[in-house]
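Asks: Take this structure, written in structure tokens, and hold onto it; I'll ask about it next.
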Amino acid sequence: MGHLILSTLAFFTPQSGGSPNANEISSLYEVTLYIALVIFVAVEGGLIYALVKFRARKGAVPAQIRGNTRLEVGWTVAAAVILLGLAVLTFAKLGSIQNPPNSGPSGDQLAGDGGLIYASAERKLPPNGKALKITVLGRQYIWQFVYPGANEPDGLGAPYAFEQMVVPTNTTVSLDIVSEDVVHSWWIPQLGGKFQAVPGYHNYTWFKIEKPGVYRGQCAFLCGRAHARMVATVRAVPPAQFDAWLASQKQLIAQANAEAKVARAKLNSQVGAGQVSNP
Ligand SMILES: [Cu+2]
């Protein structure tokens, strides 16, 4: 029975367990939910009790009550106290939801080195300023993730991935969320709140995953015909595995670019539309 109640409540509370900010959001939600549940049961219980106890009977004359000052002041003050308590709790927790912590000692040591981006009012970095910075690009209808590590001064050559973001565990990941076309919404429930990808604007959030695993999400803003297919996953792997993956991703992209260059040169060297062969 206890298990049933717990799993029912878990259904009504936000997903969490992936990142500290998601856990804080979930616990804040739970506190509010439990207080609301107690009030709900008390109010509905009182109502049902009164309905049954004072139901219409032959010859009964109801008591004529014209207000009760003490009772009315009582429930107004009690509601204000609950509201104030929830407000204080919310503001107390806001810091740990918005501000990322440092990476753990077993986190990725390459992450955040040589970063040129500074913390701002919008982009919050960990106290030591080090985080793995990933740009999240929303586009109809796929998410692209651009990693640091461009080898050209113009920023080209940075490794990237589509649909699945691979990240190292115990490492603070700072996301810069942008859009190439319409408004999208980045949301991996177990890793924190929703953030919109708005054209011409930057939104920032962060997460820090302890356990290796796959965390699923979905574009949370109707962005067009194939919006439902705009899925996203975050796969957390140990730092050494991440470094290897990033290096191989970079190499695969370089290889594909080299092949494309050859194919383009071949196309350009051919004359006459009829002679163009499919590279
Ligand atoms: Cu979308």
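Scheme for the structure tokens: letters A, B, ... for chains in order shown; per-chain residue numbers from 1; ligand numbers from 1 in order shown.
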Once you count only C-alpha atoms and all ligand atoms, what closest atom pair and distance in Å to one decimal does each residue of chain A within 7 Å of ligand 1 have, with rows by chain and rising residue number, as CSV?

Replies:
residue,atom,partner,partner_atom_place_in_ligand_line,distance
A:Gly138,CA,ligand 1,1 (Cu),6.5
A:Arg139,CA,ligand 1,1 (Cu),6.6
A:Gln140,CA,ligand 1,1 (Cu),6.0
A:Tyr141,CA,ligand 1,1 (Cu),5.9
A:Val183,CA,ligand 1,1 (Cu),6.8
A:His184,CA,ligand 1,1 (Cu),4.1
A:Ser185,CA,ligand 1,1 (Cu),6.2
A:Cys219,CA,ligand 1,1 (Cu),4.7
A:Ala220,CA,ligand 1,1 (Cu),6.9
A:Phe221,CA,ligand 1,1 (Cu),5.9
A:Leu222,CA,ligand 1,1 (Cu),6.2
A:Cys223,CA,ligand 1,1 (Cu),4.5
A:His227,CA,ligand 1,1 (Cu),5.2
A:Met230,CA,ligand 1,1 (Cu),5.8

Asks: Find the residues around Ala158 in chain A up to 10 Å (only C-alpha atoms counted), leave out those fewer than 6 positions away in its own chain, and share them as a list in words.

Replies: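 Once the adjacent positions are removed, what remains is Val146, Tyr147, Pro148, Gly149, Ala150, Asn151, Glu152, Gln249, Lys250, Ile253 and Ala254 of chain A.
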
Asks: May I ask for the distance between CA of Asn99 in chain A and CA of Trp206 in chain A, given in Å to one decimal place?

Replies: 8.3 Å

Asks: Identify, on the basis of only C-alpha atoms, every residue whose closest approach to Pro20 in chain A does not exceed 7 Å; exclude the query and any residue fewer than 3 positions from it along the same chain; express the result as a compact mmCIF listing (two decimals) with C-alpha atoms, in the first residue's frame.

Replies:
# COMPACT_ATOMS: atom_id res chain seq x y z
CA ASN A 23 16.36 17.24 -7.86
CA GLU A 24 15.89 20.66 -6.27
CA LYS A 208 25.82 17.74 -13.89

Asks: List every residue of range 114-262 of chain A that DSSP, applied to the backbone of this structure, assigns to alpha helix (DSSP H), and report them as a PyMOL selection string.

Replies: chain A and resi 239-262

Asks: Please list as a list in words every residue within 10 Å of Leu125 in chain A, counting only C-alpha atoms and excluding residues in the same chain fewer than 6 positions away.

Replies: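 Returned residues: Gln98, Asn99, Pro100, Pro101, Asn102, Ile117, Tyr118, Ala119, Ala131, Leu132, Lys133, Thr172, Val173, Ser174, Tyr204, Thr205 and Trp206 of chain A.
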
Asks: For the residues in the current selection, export C-alpha atoms as a PDB file, in the first residue's frame.

Replies:
ATOM      1  CA  GLN A  98      20.216  28.390 -11.120  1.00  0.00           C
ATOM      2  CA  ASN A  99      23.877  28.287 -10.121  1.00  0.00           C
ATOM      3  CA  PRO A 100      25.959  25.333 -11.277  1.00  0.00           C
ATOM      4  CA  PRO A 101      28.420  23.692  -8.854  1.00  0.00           C
ATOM      5  CA  ASN A 102      32.025  22.834  -9.724  1.00  0.00           C
ATOM      6  CA  ILE A 117      33.422  32.766 -22.269  1.00  0.00           C
ATOM      7  CA  TYR A 118      32.889  34.539 -18.980  1.00  0.00           C
ATOM      8  CA  ALA A 119      30.005  34.249 -16.581  1.00  0.00           C
ATOM      9  CA  ALA A 131      32.473  23.907 -17.329  1.00  0.00           C
ATOM     10  CA  LEU A 132      32.094  21.950 -20.517  1.00  0.00           C
ATOM     11  CA  LYS A 133      30.387  24.465 -22.809  1.00  0.00           C
ATOM     12  CA  THR A 172      29.379  20.525 -15.013  1.00  0.00           C
ATOM     13  CA  VAL A 173      27.950  21.064 -18.480  1.00  0.00           C
ATOM     14  CA  SER A 174      26.932  24.615 -19.417  1.00  0.00           C
ATOM     15  CA  TYR A 204      21.582  29.243 -20.718  1.00  0.00           C
ATOM     16  CA  THR A 205      21.200  26.304 -18.405  1.00  0.00           C
ATOM     17  CA  TRP A 206      23.374  23.593 -16.947  1.00  0.00           C
TER      18      TRP A 206
END

Asks: I'd like to know which of A:Val237, A:Ala56, A:Leu246, A:Lys194 is closest to Phe145 in chain A, using only C-alpha atoms.

Replies: A:Leu246

Asks: As a PyMOL selection string, please: every residue in range 36-219 of chain A that a backbone DSSP assignment puts in strand (DSSP E).

Replies: chain A and resi 132-139+142-146+160-162+164-168+172-179+184-186+195-197+203-208+213-218

Asks: Could you state the separation of CA of Phe242 in chain A and CA of Asp108 in chain A in Å, given to one decimal place?

Replies: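 CA of Asp108 in chain A lies at a distance of 8.3 Å from CA of Phe242 in chain A.
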
Asks: Of the candidates A:Ile5, A:Ala161, A:Val178, A:Ile65, which shows the shortest atom-to-atom distance to His202 in chain A, using only C-alpha atoms?

Replies: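 For His202 in chain A, the nearest of the given residues is A:Val178.
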
Asks: Excluding same-chain residues fewer than 4 positions from Thr90 in chain A, what lies within 10 Å of it counting only C-alpha atoms, as a ChimeraX atom specification?

Replies: /A:24-25,28-29,32,84-86,94-95

Asks: Rounded to one decimal place, report the CA of Gly2 in chain A-CA of Ala22 in chain A distance in Å.

Replies: 24.5 Å

Asks: Which residues are near range 258-262 of chain A? Cut-off 12 Å, only C-alpha atoms, ignore same chain within fewer than 6 positions. Put them as a VMD selection string.

Replies: chain A and resid 157 251 to 252 268 to 269 279

Asks: Using only C-alpha atoms for the distances, tell me which of A:Gln241, A:Gln109, A:Gln196, A:Asn68 is nearest to Pro212 in chain A.

Replies: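 Closest to Pro212 in chain A of all the choices is A:Gln241.
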